[in-house]
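Novice: Structure provided below as structure tokens; questions to follow.
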Amino acid sequence: MKYVVILGDGMAGYPLPERGGMTCLQLADTPFFDELARKGTVGLARTVPAGFAPGSDVANLSVMGYDPKEYYTGRSPLEAASIGIPLTENDVTYRCNLVTLSEEEPYEQKRMLDYSAGEITTQEARQLIDALKAEFSAPPFALYAGISYRHCLVLHEKKTGSVLTPPHDITDKPIASFLPAGTMGKALLAMMKRSYAILKDHPVNRARRTAGKRPANSAWFWGEGTRPQLKPFFELYGKHGAVISAVDLVKGIGTLAGMDVIEVAGATGNWDTNFAGKADAAAAALLGGADLVYVHMEAPDECGHHGDIDKKIYSIEQVDCVARRIARALRAAKEPYAMLIMPDHPTPIAMRTHTSDPVPFLLYRSTQERPNGAPCYDEEAARQTGLILPRACEMMRAFLR
């Protein structure tokens, strides 16, 4: 038996009044999801425990079978693991976004225009991070380049307790009420202000403005954390696992869990990602010896943050195609399989950020097809089944049973 997790990040949402009161998941054409729903089990699962912010870090840990109450130590150390940053028990890490702020002065009067600086390319971002390293990579701090707008700052002293806000939570809002506070708040804010002075007229940003693109004119620090200790996935579940994702966060969880992290050319973490390449890589891994592959697709979440209904619908439809492509490869090889399809959390268009609502899940086994499943796969169909799992972190054990 082979096991496939299809994780459509932020795929769930709320009804859209401008689209007849339907969600993006309901509006999307997902014939394969609906086919499996009629032969499988559909319900709701709570991926974000009470007391936790609804981040992809907590939610993906839950889906992957790790109880956040036991294993979660912050978002940025998971990303640090993916980048390959060696951490000691006394290190504190921070996510560093390259963002686009408005040009009002002073700094506190600016607005968050774009948490991703227009999805800046990795090549451009590395040049900007190099410019910041001259100022910020001095003891006790070290700055590391990641992918696109996602980077990492390490503090080589254990001083947690900062109050920080994810930039994707404050799109189009004034930043004054969301600036760093707490233990390291003053130092981090000073670095953010200095980053604006360094980056606003950097050649990369001058070229982006000329091309009609948003400049990456400031660093924004958030996601404070310390080194986590995940038990190996094989030790917990007795299965050899692999992870496919374009996002450092999910690749970092896989790395710390001792799973294979598979790179796919053209994987961008957005709606233009190489969906077919992810599907083919997953099928190849499964037929090549892996027991389980966790296929993470960030696109619906990114589109939700940007409030783009049409691209979110398109992205969900592509996630459906990925699931079908993997299933066809396994069927052609006469390989029995189980497939778990779900988002990590909702990213409603109206909110443009994550929520803690339970998410719809679909569990299908090719060897145990049910005669009377749900009519389709979406939020309402899942709600109508009456099946609610209060702890999504327990799903993996049942899935692999």
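Letters for chains follow the order of the structure tokens (A, B, ...), residue numbers begin at 1 for each chain, and ligand numbers begin at 1 in the order shown.
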Considering only C-alpha atoms, return as JSON, numbers by chain whatever protein or nucleic-acid residues lie within 10 Å of Pro215 of chain A, sequence-local ones (same chain, fewer than 6 positions apart) excluded.
Specialist: {"A": [98, 99, 100, 101, 102, 114, 116, 117, 118, 120, 199, 200, 201, 202, 204, 205, 206, 207, 208, 209]}
Novice: Can you tell me, as a PyMOL selection string, what residues are no more than 12 Å from Arg370 of chain A when counting only C-alpha atoms, ignoring any on the same chain fewer than 3 positions away?
Specialist: chain A and resi 35-42+363-367+373-374
Novice: Please provide the set of residues having any atom within 12 Å of Glu105 of chain A, restricted to only C-alpha atoms, with same-chain residues fewer than 5 positions apart removed, written as a list of chain:residue names.
Specialist: A:Lys110, A:Arg111, A:Ala176, A:Lys193, A:Tyr196, A:Ala197
Novice: Take the residues from that selection and write them out as a JSON list (two decimals), in the first residue's frame, keeping all heavy atoms.
Specialist:
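The resulting again_15.json:
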```
[["chain", "number", "residue", "atom", "x", "y", "z"],
["A", 110, "LYS", "N", 4.07, 54.14, 7.68],
["A", 110, "LYS", "CA", 3.94, 53.40, 6.42],
["A", 110, "LYS", "C", 2.81, 52.38, 6.51],
["A", 110, "LYS", "O", 2.32, 52.05, 7.58],
["A", 110, "LYS", "CB", 5.26, 52.71, 6.08],
["A", 110, "LYS", "CG", 6.42, 53.67, 5.90],
["A", 110, "LYS", "CD", 7.70, 52.94, 5.52],
["A", 110, "LYS", "CE", 8.88, 53.89, 5.48],
["A", 110, "LYS", "NZ", 8.70, 54.97, 4.49],
["A", 111, "ARG", "N", 2.42, 51.86, 5.32],
["A", 111, "ARG", "CA", 1.43, 50.80, 5.21],
["A", 111, "ARG", "C", 2.08, 49.57, 4.60],
["A", 111, "ARG", "O", 3.06, 49.66, 3.84],
["A", 111, "ARG", "CB", 0.27, 51.24, 4.31],
["A", 111, "ARG", "CG", -0.50, 52.44, 4.83],
["A", 111, "ARG", "CD", -1.55, 52.90, 3.83],
["A", 111, "ARG", "NE", -2.60, 51.91, 3.68],
["A", 111, "ARG", "CZ", -3.68, 51.83, 4.46],
["A", 111, "ARG", "NH1", -3.84, 52.69, 5.45],
["A", 111, "ARG", "NH2", -4.60, 50.91, 4.26],
["A", 176, "ALA", "N", 1.77, 50.84, 12.10],
["A", 176, "ALA", "CA", 2.09, 51.42, 13.40],
["A", 176, "ALA", "C", 1.68, 50.53, 14.57],
["A", 176, "ALA", "O", 2.40, 50.44, 15.57],
["A", 176, "ALA", "CB", 1.44, 52.80, 13.54],
["A", 193, "LYS", "N", 13.98, 49.50, 10.27],
["A", 193, "LYS", "CA", 14.14, 50.88, 9.80],
["A", 193, "LYS", "C", 15.41, 51.04, 8.98],
["A", 193, "LYS", "O", 15.42, 51.70, 7.93],
["A", 193, "LYS", "CB", 14.16, 51.84, 10.99],
["A", 193, "LYS", "CG", 12.83, 51.99, 11.70],
["A", 193, "LYS", "CD", 12.95, 52.98, 12.87],
["A", 193, "LYS", "CE", 11.62, 53.22, 13.54],
["A", 193, "LYS", "NZ", 11.74, 54.19, 14.66],
["A", 196, "TYR", "N", 15.14, 49.66, 5.45],
["A", 196, "TYR", "CA", 14.45, 50.53, 4.49],
["A", 196, "TYR", "C", 15.42, 51.53, 3.87],
["A", 196, "TYR", "O", 15.41, 51.76, 2.65],
["A", 196, "TYR", "CB", 13.29, 51.26, 5.17],
["A", 196, "TYR", "CG", 12.49, 52.11, 4.22],
["A", 196, "TYR", "CD1", 11.52, 51.54, 3.39],
["A", 196, "TYR", "CD2", 12.71, 53.50, 4.13],
["A", 196, "TYR", "CE1", 10.79, 52.33, 2.50],
["A", 196, "TYR", "CE2", 11.98, 54.28, 3.26],
["A", 196, "TYR", "CZ", 11.03, 53.69, 2.44],
["A", 196, "TYR", "OH", 10.31, 54.47, 1.55],
["A", 197, "ALA", "N", 16.29, 52.09, 4.70],
["A", 197, "ALA", "CA", 17.28, 53.05, 4.20],
["A", 197, "ALA", "C", 18.24, 52.39, 3.22],
["A", 197, "ALA", "O", 18.65, 53.00, 2.23],
["A", 197, "ALA", "CB", 18.06, 53.65, 5.37]]
```
Novice: Tell me, which residues of segment 134-291 of chain A carry DSSP helix (DSSP H, G or I), written as a PyMOL selection string?
Specialist: chain A and resi 134-136+167-169+176-178+185-199+203-210+233-237+248-256+275-287
Novice: So, with only C-alpha atoms as the atoms that count, which of A:Phe399, A:Val247, A:Tyr115, A:Asp378 lies closest to Asp57 of chain A?
Specialist: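 Nearest to Asp57 of chain A: A:Val247.
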